[in-house]
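Structure first, commentary second.
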Amino acid sequence: MAAQALLGPDTGNQLWFSYRVWRDSRRCVGGAILLVGFTRLVLSHHTTFFINSLAHVWGSQPYTEKNTARDNGVLAFMTFGEGYHNFHHIFENDYRNGIRWWQFDPTKWLIKTASWLGLAEKLRVTPEEKIEKARATMQLQRATQKLSNKPNATHRLQILQQEYDTLVAKMADYYTLKKQLLALERDKFREKVEKAELSQQYQDLKLRFHQQKRSWQVLTAKYAS
Ligand SMILES: [Zn+2]
């Protein structure tokens, strides 16, 4: 009001009006930012919860039926990979969701890239044998259920169980040997590195020794003369 008195009624009013517009617009921007932030939060939470619940209803269960989680390629596409939810629930420590090369899992790719850049380490991966066994066990369960509904299925059920047992036994043999081979290769690699380090050290010491020998000869020759 003091400005109004100094500058005359019109200029004063205009200034007062401009100030109010400025003040209100600031409030508006603040409100808009709050509103946008709140909407984003609500939307992202709802989408997450919605997709999380869909991932327990819609899709396949290749690894387990002990929980309701399902693998679903479409949901995986919308959730950056988390749609491979059946795998995620049974092997929850694994950093991956989609384990096949063709499965869309950008979260896995991001974590893997971070590990190459030194930003993540000790990524947990479920042993292949465990994953294969889970899948075979699910197949056995499904086939058993289907056969059980048919008449005179006892013999076929026996064959099914026997074949499963043989599969699991051969699986164990294969993965045990694979592990041993990998360990051997790791040892060989370590030996190679150690050998390379030793031979580098050897070359350095050889050079230093020869240099010292030369300067020793120069010195003794000088003092003897
Ligand atoms: Zn879940």
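A note on labels: chains of the structure tokens are A, B, ... as shown, every chain counts residues from 1, and ligands are counted from 1 in their shown order.
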
Could you list, as an NGL selection string, all residues that come within 10 Å of ligand 1? Count only C-alpha atoms and all ligand atoms. :A and (49 or 51-56 or 67-70 or 82-86 or 88-89)

Write out as an MDAnalysis selection string the residues lying within 10 Å of Met171 of chain A, counting only C-alpha atoms and excluding same-chain residues fewer than 6 positions away. chainID A and resid 129:130 132:133 165

Here atom CA of Ala224 of chain A and atom CA of His210 of chain A stand apart by 20.9 Å

Please report the interatomic distance between atom CA of Arg96 of chain A and atom CA of Phe80 of chain A in Å with one decimal. 11.1 Å

Going by DSSP on the backbone, which bits of segment 90-195 of chain A are helix (DSSP H, G or I)? Write them as a PyMOL selection string, please. chain A and resi 90+106-116+128-148+154-195

Distance query segment 104-119 of chain A at most 10 Å, only C-alpha atoms, self and fewer than 5 positions along chain excluded, as JSON, numbers by chain: {"A": [73, 74, 75, 76, 77, 78, 79, 80, 81, 82, 83, 84, 94, 95, 96, 97, 98, 99]}

As an exercise, work out the distance from atom CA of Lys170 of chain A to atom CA of Thr137 of chain A in Å and give it to one decimal place. 14.4 Å

Residue nearest Gln141 of chain A among A:Asn72, A:Gln61, A:Thr39, A:Thr166 (counting only C-alpha atoms): A:Gln61

Tell me, as a list in words, which residues lie within 12 Å of Leu160 of chain A, counting only C-alpha atoms; anything in the same chain fewer than 6 positions away does not count. Ala136, Thr137, Gln139, Leu140, Gln141, Arg142, Ala143, Thr144, Gln145, Lys146, Leu147, Ser148, Ala153, Thr154, Thr166 and Leu167 of chain A
